[in-house]
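Okay, so here's the structure we're looking at.
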Amino acid sequence: MGGSTAIRVEALSKTFDTAAVLHDFSLDVRAGELLALLGPSGSGKTTLLRIIAGLDFPDRGRIIFGGDDATQLPVQQRAVGFVFQHYALFKHMSVAENIAYGLNARRRSERPAKAEIKARVGDLLDLIKLSGFADRYPSQLSGGQRQRIALARALAVEPRVLLLDEPFGALDAQVRKDLRRWLREIHDRTGQTTIFVTHDQDEALELSDRVAVLDKGRLEQVGTPDEVQENPVSATVLKFLGDTIEVEALARDGQVFVQGRATPVVARPGLVGPVKLYARPWQLQFAEAHEAHLHGTVRSSYRTQGRQRIEVDREGEGKTVVVEASDTARLAAGLPVGLRILGGYVFAD
Amino acid sequence: MAEPPLRPRRRFRQPSVIPGFGLTFGYTLTVLSLIVLLPLAALVLRASQLGFAGIWEVATDSRVASALRVSFGISLLAALVASVFGFIVAWVLTRYDFPGRRIVDAVVDLPFALPTAVAGIALAALYAPNGLVGAQLAKLGIEAAYTPLGIFIAMVFIGLPFAVRTVQPLIVEIDKEIEEASATLGAGRWHTLVKVVLPPLIPAVLTGFALAFARGVGEYGSIIFIAGNLPYVSEIAPLLIVIKLSEFDYGGACAIATIMLGISFVTLLAINLIQAWSRRRFGYV
């Protein structure tokens, strides 16, 4: 991965009407990396992407492209490739015309020769594996094909950064998975600096070199998929990256206790008193009552991809937790069980 | 228009979960026959009593021929102008928000609702040499009222709402992302407008043009007040029909009407075909 900074987002703030969508937001994008902006809806991720593209303008702060201040640069001059969730293809143009659009829109002095444009379109069609489709119209294509065309159209102008706004959001699950893998391949081949917005944590973790987790207009954490999963900086990040179980706990001398019983979870130095313990479904184990941290009864269980997921109603609290176990026999509903915490994360209450 | 051929029975009536095909189709045929087809058939029948030679004689009569030229020529021109300005009006009304937008939007429909004679008298008063606008035009040496220009003005007036109302819903539906996509690809506003925004609107503009044209050809009330009705110069074909009727020359009146019907039908059919082609061309499959 190139270490140099391709795009620097500096202290960006943006307010729509009265609601703030970005607060003093800063982020460096490295050259050649595939960066995911991950966050729930309303976290400001799409606004950030649009400000980088020049489709929206910030109230405060700067966008720097490779050392040059681009904050006031109009979208046409930013040389970004933007891919929209709903493709935004030009319906009255053939696939080839769509891809060539950006090149044909250039001033005559900068426009490549006709033959050159044609060759470039051919190369891109090969890249997106739609070689025979040059003369089709968008309405004759499937959603996945349309999004590939949209990507080729954005790549045609050789942008300095490729921006994708929920690129797979409108596609069904199988196509989504194929396109993800395919986008990764294209990225590895072209080395194009790419930022993509998603609310799907699997997509972000599978696809990206680094993930930036956003919440309420602020950057919670940025790091490689492994970093954010292993060392989440906040409960927000942790909860957003997957199913979690939340348990009241007590920290003392670096140890964490649940219902008076010690757990293997280690508390940061200085974290003392009532805390919240968060565990993943696979960090719980069924245990005998005298070893268990939690007690409850089985509500239901189901199998998915070789794992058994069991919903347990916790005693007293009325909360339901999900436990993941290897593929064991189905547990009958109503069965009283004990759960032991094997690991997790602790944050101040 | 032509129904698909009846060959296999099942193709004619495709199975549908919605009942009532027989009822609705019968109703359509009945209404269409009573209100449109029968009167037109009667018209053609009456004209045919003159025989083909008789109709031809009426058509080539120099006064009739020049009236037809005035009617169709100015209608086409007026429909063209109404389409251009109607498009601009529709664009402004949908793309911009300004105080009084709703009122302007309502005003667009007035030519629909106004009795045509009222419109004609108003236009004539306004454009007459001593009228508000006419006086200014007279200074420039332009005579509007009582000339073919007057006919043109009246036809644009009554055609405008058609041009506005047919494109307006499509302008509303223009996807903002399409324009943004064009901008990110480096295209300026003008390029985006010409290459991306306008082409998909062409079929609707053509529809508006056809409607404005048809209305212009058939218009009578507003025009006769402003046209001056000078034979060979500013006399429209519908007026000639009324004159023939008042002279009890029913055959002649029907002959002119049949000729107008024929020309209108061919013109509208041609516009329809262009439209069907453009719909395919511009991605409405």
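Ligands are numbered from 1 in the order shown, chains are lettered A, B, ... in the order of the structure tokens, and residues start at 1 in each chain.
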Determine which residues of chain A sit within 7 Å of chain B, taking into account only C-alpha atoms, and present them as a PyMOL selection string.
chain A and resi 75-77+80-82+88-92+102+105-106+139+154+157
Name the residues of range 33-225 of chain A that fall into strand (DSSP E or B) according to DSSP on the backbone, using the chain letters and numbers of this document, as an MDAnalysis selection string. chainID A and resid 34:38 60:65 68:69 80:83 161:165 194:198 210:215 218:223
Contacts of Leu277 in chain A within 10 Å, only C-alpha atoms, excl. fewer than 4 positions in-chain, as a ChimeraX atom specification:
/A:235,244-251,256-258,265,267,341,343-349
Give me, as number ranges by chain, all polymer residues having an atom no more than 12 Å from range 186-190 of chain A, counting only C-alpha atoms and skipping those fewer than 3 positions away in the same chain. A: 1, 32-35, 124, 126-129, 148, 151-152, 155, 158-162, 179-183, 193-196, 207-209
note - CA of Ala262 in chain A and CA of Gly316 in chain A are separated by 20.3 Å
Problem set entry | Option closest in space to Ala96 in chain A, from A:Ala279, A:Leu238, A:Val233, A:Val121 [counting only C-alpha atoms] |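 Looking only at the distances to Ala96 in chain A, the closest residue turns out to be A:Val121.
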Test item, helix (DSSP H, G or I) assignment across range 11-133 of chain B, answer as a ChimeraX atom specification = /B:11-12,21-48,51-60,62-95,101-107,110-113,116-127,132-133
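Those residues that approach Thr320 in chain A to within 12 Å, counting only C-alpha atoms, are Thr244, Ile245, Glu246, Val247, Pro281, Leu294, His295, Gly296, Thr297, Val298, Arg299, Ser300, Ile310, Glu311, Val312, Asp313, Arg314, Glu315, Gly316, Glu317 and Val323 of chain A; same-chain residues fewer than 3 positions away are not listed.
Straight-line separation from CA of Asp123 in chain A to CA of Arg184 in chain A: 18.2 Å.
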**Item:** Within 12 Å of Asp172 in chain A using only C-alpha atoms, minus same-chain residues under 5 positions, as JSON, numbers by chain
**Value:** {"A": [142, 143, 144, 167, 177, 178, 179]}
Please write the residues from the selection above to a file, keeping N, CA and C atoms, as a tab-separated table (two decimals), in the first residue's frame.
chain	number	residue	atom	x	y	z
A	142	SER	N	-29.12	-6.24	-16.76
A	142	SER	CA	-29.50	-6.51	-15.37
A	142	SER	C	-28.85	-5.48	-14.46
A	143	GLY	N	-29.30	-5.43	-13.21
A	143	GLY	CA	-28.77	-4.46	-12.26
A	143	GLY	C	-27.26	-4.57	-12.09
A	144	GLY	N	-26.76	-5.79	-11.97
A	144	GLY	CA	-25.33	-5.99	-11.79
A	144	GLY	C	-24.54	-5.50	-12.99
A	167	PRO	N	-22.51	1.13	-3.66
A	167	PRO	CA	-22.56	0.66	-5.04
A	167	PRO	C	-23.38	-0.61	-5.23
A	177	LYS	N	-22.43	-10.29	-3.77
A	177	LYS	CA	-21.21	-11.00	-3.38
A	177	LYS	C	-20.24	-11.09	-4.56
A	178	ASP	N	-20.79	-11.44	-5.73
A	178	ASP	CA	-19.93	-11.56	-6.92
A	178	ASP	C	-19.27	-10.23	-7.23
A	179	LEU	N	-20.07	-9.16	-7.19
A	179	LEU	CA	-19.56	-7.85	-7.55
A	179	LEU	C	-18.50	-7.37	-6.56
Here CA of Leu68 in chain B and CA of Val217 in chain B stand apart by 9.3 Å
Find the residues of range 139-227 of chain B that sit at most 12 Å from range 272-276 of chain B; for each, write down the nearest two atoms and how far apart they are in Å, to one decimal. Count only C-alpha atoms. Sort by chain, then by number going up, and give it as a Markdown table.
| residue | atom | partner | partner_atom | distance |
| --- | --- | --- | --- | --- |
| B:Pro200 | CA | B:Gln275 | CA | 11.4 |
| B:Leu201 | CA | B:Gln275 | CA | 10.8 |
| B:Ile202 | CA | B:Gln275 | CA | 8.1 |
| B:Pro203 | CA | B:Gln275 | CA | 5.3 |
| B:Ala204 | CA | B:Gln275 | CA | 8.2 |
| B:Val205 | CA | B:Gln275 | CA | 9.2 |
| B:Leu206 | CA | B:Gln275 | CA | 6.4 |
| B:Thr207 | CA | B:Gln275 | CA | 7.4 |
| B:Gly208 | CA | B:Gln275 | CA | 10.9 |
| B:Phe209 | CA | B:Gln275 | CA | 10.7 |
| B:Ala210 | CA | B:Asn272 | CA | 8.2 |
| B:Leu211 | CA | B:Asn272 | CA | 10.9 |
